[in-house]
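Text of the file entry-v3.cif, holding mmCIF, N, CA and C atoms:
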```
data_query
loop_
_atom_site.label_atom_id
_atom_site.label_comp_id
_atom_site.auth_asym_id
_atom_site.auth_seq_id
_atom_site.Cartn_x
_atom_site.Cartn_y
_atom_site.Cartn_z
N MET A 1 3.31 -6.50 20.69
CA MET A 1 3.14 -7.56 19.72
C MET A 1 4.43 -7.69 18.92
N PRO A 2 5.03 -8.87 18.86
CA PRO A 2 6.29 -9.03 18.14
C PRO A 2 6.08 -8.92 16.64
N LEU A 3 7.08 -8.37 15.97
CA LEU A 3 7.01 -8.26 14.52
C LEU A 3 7.28 -9.61 13.88
N HIS A 4 6.59 -9.86 12.79
CA HIS A 4 6.87 -11.07 12.01
C HIS A 4 8.29 -10.97 11.49
N LYS A 5 8.98 -12.08 11.37
CA LYS A 5 10.39 -12.04 10.98
C LYS A 5 10.62 -11.42 9.61
N ASN A 6 9.62 -11.42 8.71
CA ASN A 6 9.78 -10.82 7.39
C ASN A 6 9.44 -9.33 7.37
N VAL A 7 8.91 -8.83 8.45
CA VAL A 7 8.50 -7.43 8.49
C VAL A 7 9.54 -6.64 9.28
N ILE A 8 10.10 -5.62 8.64
CA ILE A 8 11.12 -4.80 9.28
C ILE A 8 10.46 -3.81 10.25
N SER A 9 9.41 -3.13 9.81
CA SER A 9 8.63 -2.24 10.66
C SER A 9 7.22 -2.19 10.10
N SER A 10 6.37 -1.40 10.71
CA SER A 10 4.97 -1.37 10.27
C SER A 10 4.83 -0.81 8.86
N THR A 11 5.77 0.01 8.41
CA THR A 11 5.67 0.57 7.06
C THR A 11 6.75 0.02 6.13
N SER A 12 7.56 -0.89 6.62
CA SER A 12 8.66 -1.42 5.83
C SER A 12 8.55 -2.93 5.76
N LEU A 13 8.62 -3.46 4.54
CA LEU A 13 8.47 -4.90 4.34
C LEU A 13 9.74 -5.50 3.76
N ALA A 14 10.05 -6.70 4.18
CA ALA A 14 11.10 -7.47 3.53
C ALA A 14 10.52 -8.02 2.23
N ILE A 15 11.37 -8.51 1.36
CA ILE A 15 10.90 -8.98 0.06
C ILE A 15 9.91 -10.14 0.19
N GLY A 16 10.13 -11.02 1.16
CA GLY A 16 9.20 -12.14 1.35
C GLY A 16 7.81 -11.67 1.75
N ALA A 17 7.75 -10.67 2.61
CA ALA A 17 6.45 -10.12 3.03
C ALA A 17 5.77 -9.40 1.88
N LEU A 18 6.56 -8.67 1.09
CA LEU A 18 6.01 -7.98 -0.09
C LEU A 18 5.46 -9.01 -1.07
N SER A 19 6.19 -10.10 -1.25
CA SER A 19 5.76 -11.17 -2.14
C SER A 19 4.44 -11.78 -1.67
N LYS A 20 4.36 -12.07 -0.38
CA LYS A 20 3.13 -12.64 0.17
C LYS A 20 1.95 -11.68 0.03
N LYS A 21 2.19 -10.44 0.34
CA LYS A 21 1.12 -9.43 0.32
C LYS A 21 0.57 -9.22 -1.09
N THR A 22 1.44 -9.25 -2.09
CA THR A 22 1.02 -8.99 -3.47
C THR A 22 0.79 -10.25 -4.28
N LYS A 23 1.24 -11.38 -3.74
CA LYS A 23 1.19 -12.66 -4.47
C LYS A 23 2.01 -12.59 -5.76
N VAL A 24 3.14 -11.89 -5.68
CA VAL A 24 4.10 -11.80 -6.78
C VAL A 24 5.36 -12.53 -6.32
N ASN A 25 5.84 -13.44 -7.13
CA ASN A 25 7.03 -14.22 -6.82
C ASN A 25 8.22 -13.32 -6.51
N ILE A 26 9.03 -13.73 -5.57
CA ILE A 26 10.22 -12.96 -5.18
C ILE A 26 11.13 -12.72 -6.38
N GLU A 27 11.36 -13.73 -7.19
CA GLU A 27 12.24 -13.56 -8.36
C GLU A 27 11.64 -12.57 -9.35
N THR A 28 10.33 -12.52 -9.44
CA THR A 28 9.67 -11.56 -10.33
C THR A 28 9.88 -10.14 -9.81
N ILE A 29 9.79 -9.97 -8.50
CA ILE A 29 10.04 -8.65 -7.90
C ILE A 29 11.47 -8.21 -8.22
N ARG A 30 12.41 -9.12 -8.03
CA ARG A 30 13.82 -8.78 -8.33
C ARG A 30 14.00 -8.46 -9.80
N TYR A 31 13.30 -9.21 -10.66
CA TYR A 31 13.37 -8.95 -12.10
C TYR A 31 12.85 -7.55 -12.42
N TYR A 32 11.71 -7.18 -11.85
CA TYR A 32 11.15 -5.85 -12.08
C TYR A 32 12.13 -4.76 -11.63
N GLU A 33 12.87 -5.04 -10.56
CA GLU A 33 13.89 -4.08 -10.12
C GLU A 33 15.02 -4.00 -11.16
N ARG A 34 15.49 -5.16 -11.62
CA ARG A 34 16.59 -5.19 -12.59
C ARG A 34 16.26 -4.45 -13.87
N ILE A 35 15.01 -4.56 -14.33
CA ILE A 35 14.65 -3.92 -15.60
C ILE A 35 14.13 -2.50 -15.41
N GLY A 36 14.14 -2.03 -14.17
CA GLY A 36 13.80 -0.64 -13.90
C GLY A 36 12.31 -0.33 -13.74
N MET A 37 11.48 -1.35 -13.65
CA MET A 37 10.05 -1.08 -13.46
C MET A 37 9.73 -0.81 -11.99
N MET A 38 10.52 -1.39 -11.11
CA MET A 38 10.38 -1.15 -9.67
C MET A 38 11.62 -0.39 -9.22
N PRO A 39 11.44 0.65 -8.41
CA PRO A 39 12.63 1.34 -7.90
C PRO A 39 13.38 0.42 -6.93
N HIS A 40 14.69 0.55 -6.92
CA HIS A 40 15.48 -0.24 -5.99
C HIS A 40 15.19 0.26 -4.58
N PRO A 41 14.84 -0.66 -3.68
CA PRO A 41 14.53 -0.25 -2.32
C PRO A 41 15.81 0.02 -1.51
N PRO A 42 15.67 0.78 -0.43
CA PRO A 42 16.83 0.92 0.44
C PRO A 42 17.12 -0.42 1.12
N ARG A 43 18.28 -0.50 1.70
CA ARG A 43 18.68 -1.74 2.38
C ARG A 43 18.77 -1.50 3.89
N SER A 44 18.48 -2.56 4.61
CA SER A 44 18.64 -2.50 6.06
C SER A 44 20.13 -2.55 6.40
N ARG A 45 20.46 -2.38 7.67
CA ARG A 45 21.87 -2.48 8.08
C ARG A 45 22.45 -3.84 7.73
N ALA A 46 21.59 -4.85 7.74
CA ALA A 46 22.04 -6.21 7.41
C ALA A 46 22.11 -6.45 5.90
N GLY A 47 21.73 -5.44 5.12
CA GLY A 47 21.81 -5.57 3.67
C GLY A 47 20.56 -6.10 3.00
N HIS A 48 19.48 -6.27 3.75
CA HIS A 48 18.23 -6.77 3.19
C HIS A 48 17.43 -5.62 2.59
N ARG A 49 16.74 -5.91 1.48
CA ARG A 49 15.87 -4.91 0.88
C ARG A 49 14.73 -4.58 1.85
N THR A 50 14.39 -3.31 1.94
CA THR A 50 13.25 -2.90 2.78
C THR A 50 12.29 -2.09 1.91
N TYR A 51 11.11 -2.63 1.72
CA TYR A 51 10.12 -2.05 0.83
C TYR A 51 9.13 -1.20 1.61
N ALA A 52 8.78 -0.07 1.03
CA ALA A 52 7.83 0.86 1.64
C ALA A 52 6.49 0.77 0.92
N GLN A 53 5.54 1.56 1.37
CA GLN A 53 4.21 1.60 0.78
C GLN A 53 4.27 1.94 -0.71
N VAL A 54 5.19 2.81 -1.11
CA VAL A 54 5.32 3.18 -2.52
C VAL A 54 5.67 1.96 -3.38
N HIS A 55 6.49 1.07 -2.86
CA HIS A 55 6.84 -0.15 -3.58
C HIS A 55 5.64 -1.09 -3.69
N LEU A 56 4.90 -1.19 -2.59
CA LEU A 56 3.71 -2.03 -2.57
C LEU A 56 2.69 -1.54 -3.60
N LYS A 57 2.46 -0.23 -3.63
CA LYS A 57 1.50 0.33 -4.58
C LYS A 57 1.95 0.10 -6.03
N ARG A 58 3.22 0.32 -6.29
CA ARG A 58 3.75 0.16 -7.65
C ARG A 58 3.68 -1.30 -8.09
N LEU A 59 4.06 -2.21 -7.21
CA LEU A 59 4.01 -3.63 -7.55
C LEU A 59 2.57 -4.08 -7.78
N THR A 60 1.65 -3.57 -6.99
CA THR A 60 0.23 -3.89 -7.18
C THR A 60 -0.24 -3.38 -8.54
N PHE A 61 0.18 -2.18 -8.90
CA PHE A 61 -0.16 -1.60 -10.21
C PHE A 61 0.38 -2.50 -11.34
N ILE A 62 1.64 -2.88 -11.24
CA ILE A 62 2.26 -3.72 -12.28
C ILE A 62 1.53 -5.06 -12.36
N LYS A 63 1.26 -5.66 -11.22
CA LYS A 63 0.57 -6.96 -11.21
C LYS A 63 -0.80 -6.85 -11.86
N ARG A 64 -1.54 -5.80 -11.53
CA ARG A 64 -2.88 -5.63 -12.10
C ARG A 64 -2.80 -5.43 -13.61
N CYS A 65 -1.81 -4.67 -14.06
CA CYS A 65 -1.61 -4.49 -15.51
C CYS A 65 -1.32 -5.83 -16.18
N ARG A 66 -0.47 -6.64 -15.55
CA ARG A 66 -0.14 -7.96 -16.12
C ARG A 66 -1.38 -8.84 -16.17
N GLU A 67 -2.22 -8.78 -15.14
CA GLU A 67 -3.46 -9.56 -15.13
C GLU A 67 -4.37 -9.15 -16.28
N LEU A 68 -4.30 -7.88 -16.68
CA LEU A 68 -5.11 -7.39 -17.79
C LEU A 68 -4.43 -7.61 -19.14
N GLY A 69 -3.28 -8.27 -19.11
CA GLY A 69 -2.61 -8.64 -20.36
C GLY A 69 -1.69 -7.58 -20.94
N PHE A 70 -1.44 -6.51 -20.22
CA PHE A 70 -0.52 -5.49 -20.73
C PHE A 70 0.88 -6.10 -20.81
N THR A 71 1.60 -5.76 -21.87
CA THR A 71 2.98 -6.20 -22.00
C THR A 71 3.86 -5.35 -21.08
N LEU A 72 5.09 -5.80 -20.87
CA LEU A 72 6.01 -5.02 -20.05
C LEU A 72 6.26 -3.65 -20.67
N ASN A 73 6.34 -3.59 -21.99
CA ASN A 73 6.54 -2.29 -22.65
C ASN A 73 5.34 -1.37 -22.47
N GLU A 74 4.14 -1.94 -22.53
CA GLU A 74 2.93 -1.13 -22.31
C GLU A 74 2.89 -0.62 -20.87
N ILE A 75 3.29 -1.47 -19.93
CA ILE A 75 3.31 -1.05 -18.52
C ILE A 75 4.35 0.04 -18.33
N ARG A 76 5.50 -0.12 -18.97
CA ARG A 76 6.55 0.91 -18.91
C ARG A 76 6.01 2.25 -19.40
N ALA A 77 5.24 2.20 -20.49
CA ALA A 77 4.67 3.44 -21.03
C ALA A 77 3.71 4.08 -20.03
N LEU A 78 2.86 3.26 -19.42
CA LEU A 78 1.93 3.79 -18.40
C LEU A 78 2.70 4.35 -17.21
N LEU A 79 3.70 3.61 -16.75
CA LEU A 79 4.49 4.08 -15.62
C LEU A 79 5.26 5.34 -15.98
N GLY A 80 5.72 5.43 -17.22
CA GLY A 80 6.42 6.63 -17.67
C GLY A 80 5.53 7.85 -17.57
N LEU A 81 4.27 7.68 -17.92
CA LEU A 81 3.32 8.79 -17.79
C LEU A 81 3.11 9.15 -16.32
N VAL A 82 2.90 8.13 -15.51
CA VAL A 82 2.63 8.35 -14.09
C VAL A 82 3.86 8.93 -13.38
N ASP A 83 5.03 8.39 -13.68
CA ASP A 83 6.25 8.83 -13.00
C ASP A 83 6.57 10.30 -13.28
N GLY A 84 6.23 10.75 -14.47
CA GLY A 84 6.49 12.14 -14.80
C GLY A 84 5.46 13.10 -14.23
N ASN A 85 4.40 12.55 -13.65
CA ASN A 85 3.29 13.36 -13.13
C ASN A 85 2.78 14.36 -14.16
N ASP A 86 2.97 14.02 -15.41
CA ASP A 86 2.56 14.92 -16.48
C ASP A 86 1.78 14.10 -17.51
N TYR A 87 0.69 13.53 -17.07
CA TYR A 87 -0.10 12.71 -17.97
C TYR A 87 -1.54 13.18 -17.95
N SER A 88 -2.20 12.88 -19.04
CA SER A 88 -3.62 13.19 -19.10
C SER A 88 -4.39 11.87 -19.16
N CYS A 89 -5.61 11.94 -18.79
CA CYS A 89 -6.48 10.78 -18.87
C CYS A 89 -6.55 10.29 -20.32
N GLN A 90 -6.51 11.23 -21.27
CA GLN A 90 -6.56 10.88 -22.69
C GLN A 90 -5.36 10.02 -23.10
N GLU A 91 -4.18 10.34 -22.58
CA GLU A 91 -2.99 9.54 -22.91
C GLU A 91 -3.13 8.12 -22.37
N VAL A 92 -3.61 7.99 -21.16
CA VAL A 92 -3.81 6.67 -20.56
C VAL A 92 -4.89 5.92 -21.34
N ARG A 93 -5.94 6.61 -21.71
CA ARG A 93 -7.03 6.00 -22.48
C ARG A 93 -6.51 5.50 -23.83
N THR A 94 -5.68 6.30 -24.49
CA THR A 94 -5.12 5.91 -25.78
C THR A 94 -4.32 4.62 -25.66
N LEU A 95 -3.44 4.55 -24.66
CA LEU A 95 -2.66 3.33 -24.45
C LEU A 95 -3.56 2.14 -24.15
N THR A 96 -4.60 2.37 -23.37
CA THR A 96 -5.53 1.29 -23.02
C THR A 96 -6.30 0.81 -24.25
N LEU A 97 -6.75 1.73 -25.08
CA LEU A 97 -7.48 1.35 -26.28
C LEU A 97 -6.58 0.63 -27.29
N GLN A 98 -5.32 1.02 -27.36
CA GLN A 98 -4.37 0.30 -28.22
C GLN A 98 -4.21 -1.14 -27.73
N HIS A 99 -4.12 -1.30 -26.43
CA HIS A 99 -4.00 -2.64 -25.85
C HIS A 99 -5.27 -3.45 -26.13
N LYS A 100 -6.41 -2.82 -25.98
CA LYS A 100 -7.69 -3.49 -26.24
C LYS A 100 -7.75 -3.96 -27.70
N ALA A 101 -7.30 -3.14 -28.63
CA ALA A 101 -7.29 -3.52 -30.04
C ALA A 101 -6.38 -4.73 -30.27
N ALA A 102 -5.24 -4.77 -29.61
CA ALA A 102 -4.34 -5.91 -29.74
C ALA A 102 -5.00 -7.18 -29.18
N ILE A 103 -5.72 -7.05 -28.08
CA ILE A 103 -6.43 -8.19 -27.48
C ILE A 103 -7.52 -8.67 -28.43
N GLN A 104 -8.26 -7.74 -29.04
CA GLN A 104 -9.31 -8.13 -29.98
C GLN A 104 -8.73 -8.88 -31.18
N THR A 105 -7.57 -8.47 -31.65
CA THR A 105 -6.91 -9.18 -32.75
C THR A 105 -6.55 -10.59 -32.32
N LYS A 106 -6.01 -10.73 -31.11
CA LYS A 106 -5.66 -12.06 -30.59
C LYS A 106 -6.89 -12.94 -30.47
N ILE A 107 -7.99 -12.36 -30.00
CA ILE A 107 -9.24 -13.13 -29.87
C ILE A 107 -9.69 -13.64 -31.23
N LYS A 108 -9.64 -12.79 -32.25
CA LYS A 108 -10.04 -13.21 -33.60
C LYS A 108 -9.13 -14.32 -34.11
N ASP A 109 -7.83 -14.19 -33.86
CA ASP A 109 -6.89 -15.23 -34.26
C ASP A 109 -7.19 -16.55 -33.56
N LEU A 110 -7.49 -16.48 -32.27
CA LEU A 110 -7.82 -17.69 -31.52
C LEU A 110 -9.13 -18.31 -32.00
N GLN A 111 -10.09 -17.47 -32.37
CA GLN A 111 -11.35 -18.00 -32.90
C GLN A 111 -11.12 -18.71 -34.23
N ARG A 112 -10.24 -18.15 -35.07
CA ARG A 112 -9.90 -18.83 -36.33
C ARG A 112 -9.21 -20.17 -36.06
N LEU A 113 -8.32 -20.19 -35.09
CA LEU A 113 -7.66 -21.44 -34.72
C LEU A 113 -8.67 -22.47 -34.23
N GLU A 114 -9.59 -22.02 -33.41
CA GLU A 114 -10.61 -22.93 -32.89
C GLU A 114 -11.45 -23.51 -34.03
N THR A 115 -11.84 -22.68 -34.97
CA THR A 115 -12.63 -23.14 -36.11
C THR A 115 -11.86 -24.17 -36.92
N THR A 116 -10.60 -23.89 -37.19
CA THR A 116 -9.77 -24.82 -37.96
C THR A 116 -9.61 -26.14 -37.22
N LEU A 117 -9.32 -26.07 -35.93
CA LEU A 117 -9.15 -27.30 -35.16
C LEU A 117 -10.45 -28.10 -35.09
N THR A 118 -11.57 -27.42 -34.98
CA THR A 118 -12.87 -28.11 -34.97
C THR A 118 -13.10 -28.80 -36.31
N GLN A 119 -12.81 -28.10 -37.40
CA GLN A 119 -13.02 -28.67 -38.74
C GLN A 119 -12.16 -29.92 -38.95
N ILE A 120 -10.89 -29.83 -38.58
CA ILE A 120 -10.04 -31.01 -38.84
C ILE A 120 -10.32 -32.14 -37.87
N SER A 121 -10.70 -31.83 -36.63
CA SER A 121 -10.99 -32.91 -35.68
C SER A 121 -12.32 -33.57 -35.98
N ASP A 122 -13.27 -32.83 -36.60
CA ASP A 122 -14.56 -33.41 -36.97
C ASP A 122 -14.41 -34.45 -38.08
N LYS A 123 -13.32 -34.39 -38.83
CA LYS A 123 -13.10 -35.35 -39.91
C LYS A 123 -12.52 -36.66 -39.41
N CYS A 124 -12.15 -36.70 -38.15
CA CYS A 124 -11.51 -37.89 -37.59
C CYS A 124 -12.51 -38.67 -36.74
N THR A 125 -12.57 -39.96 -36.96
CA THR A 125 -13.47 -40.81 -36.18
C THR A 125 -12.79 -41.34 -34.92
N GLY A 126 -11.49 -41.18 -34.84
CA GLY A 126 -10.77 -41.64 -33.66
C GLY A 126 -10.55 -43.14 -33.64
N GLY A 127 -10.65 -43.76 -34.79
CA GLY A 127 -10.49 -45.21 -34.86
C GLY A 127 -9.05 -45.65 -34.68
N ASN A 128 -8.86 -46.95 -34.83
CA ASN A 128 -7.54 -47.55 -34.65
C ASN A 128 -6.82 -47.81 -35.96
N ILE A 129 -7.16 -47.05 -36.98
CA ILE A 129 -6.49 -47.23 -38.27
C ILE A 129 -5.30 -46.26 -38.35
N PRO A 130 -4.29 -46.60 -39.12
CA PRO A 130 -3.11 -45.73 -39.19
C PRO A 130 -3.34 -44.41 -39.95
N GLU A 131 -4.36 -44.33 -40.79
CA GLU A 131 -4.63 -43.10 -41.51
C GLU A 131 -5.42 -42.16 -40.60
N CYS A 132 -5.01 -40.91 -40.56
CA CYS A 132 -5.70 -39.96 -39.69
C CYS A 132 -5.90 -38.66 -40.46
N PRO A 133 -7.15 -38.22 -40.61
CA PRO A 133 -7.42 -36.98 -41.33
C PRO A 133 -6.80 -35.75 -40.66
N ILE A 134 -6.59 -35.80 -39.36
CA ILE A 134 -5.95 -34.65 -38.69
C ILE A 134 -4.51 -34.54 -39.15
N ILE A 135 -3.79 -35.66 -39.17
CA ILE A 135 -2.40 -35.66 -39.62
C ILE A 135 -2.34 -35.22 -41.09
N ASP A 136 -3.27 -35.74 -41.90
CA ASP A 136 -3.30 -35.34 -43.31
C ASP A 136 -3.53 -33.84 -43.45
N ALA A 137 -4.41 -33.29 -42.64
CA ALA A 137 -4.69 -31.84 -42.71
C ALA A 137 -3.47 -31.03 -42.27
N LEU A 138 -2.75 -31.52 -41.30
CA LEU A 138 -1.56 -30.81 -40.83
C LEU A 138 -0.43 -30.84 -41.87
N TYR A 139 -0.40 -31.91 -42.68
CA TYR A 139 0.59 -32.01 -43.75
C TYR A 139 0.20 -31.21 -44.98
N ALA A 140 -1.09 -30.91 -45.11
CA ALA A 140 -1.60 -30.22 -46.30
C ALA A 140 -0.99 -28.82 -46.41
N GLU A 141 -0.80 -28.40 -47.67
CA GLU A 141 -0.25 -27.05 -47.89
C GLU A 141 -1.35 -26.04 -48.00
#
```
Would you give me this structure, written as structure tokens?
Amino acid sequence: MPLHKNVISSTSLAIGALSKKTKVNIETIRYYERIGMMPHPPRSRAGHRTYAQVHLKRLTFIKRCRELGFTLNEIRALLGLVDGNDYSCQEVRTLTLQHKAAIQTKIKDLQRLETTLTQISDKCTGGNIPECPIIDALYAE
């Protein structure tokens, strides 16, 4: 069976194949390499990056963290624990609970925004007059 042109071998992927497999943009993968979140992969004789299973696992981990709203710094902290192989479940839990608290704060802020927007939009009839209570509310101190 011929290899797909993006696949170097059964355990080695080109960046395009890694991107397809993880659904992470190629430029994002390169960015993660530049900022040190992804290890730089070895290169083929032709100079192309060749990614192994370890890269796939790490990129999947980073992507999942991003989906859960972790910041790059929070992911770095988690990876720092994992990379040192000297972490406890408690340390990971602490970082996760800190992230959860930040999310809860954002949710409360968004709920306040929603309430304010509902209040000011309820004052507007949407008519064709030049006076608008929404604009007046936005100008209010």
Exercise for review: For Arg49 of chain A, work out the shell of residues within 6.5 Å, counting only N, CA and C atoms and skipping chain neighbours fewer than 6 positions away, then give it as a VMD selection string.
Suggested key: chain A and resid 13 to 15 41 to 43
Review point. By how many Å are atom CA of Lys108 of chain A and atom N of Pro133 of chain A apart?
Key: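 That distance, rounded to one decimal, is 26.1 Å.
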Practice item. As an MDAnalysis selection string, please: all residues of chain A that backbone DSSP puts in strand (DSSP E or B). Key: chainID A and resid 7:9 12:13 43 49 51
**Study point:** Distance in Å - atom N of Ala17 of chain A versus atom N of Leu68 of chain A
**Key:** 22.9 Å
**Study point:** Two-atom distance - atom CA of Gly80 of chain A, atom N of His48 of chain A (Å)
**Key:**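 The value is 28.2 Å.
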Exercise for review: Could you check which of A:Lys23, A:Asn128, A:Ile134, A:Thr96 is closest to Leu56 of chain A, using only C-alpha atoms?
Suggested key: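 So, comparing all the options, the nearest one is A:Lys23.
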Review point. Of the candidates A:Gln98, A:Ile29, A:Ile35, A:Ile120, which shows the shortest atom-to-atom distance to Ile135 of chain A, using all atoms listed in the file?
Key: A:Ile120
Practice item. From a DSSP pass on the backbone, collect the residues of chain A flagged as alpha helix (DSSP H) and hand them back as a PyMOL selection string. Key: chain A and resi 15-22+26-34+53-67+72-83+89-122+133-139
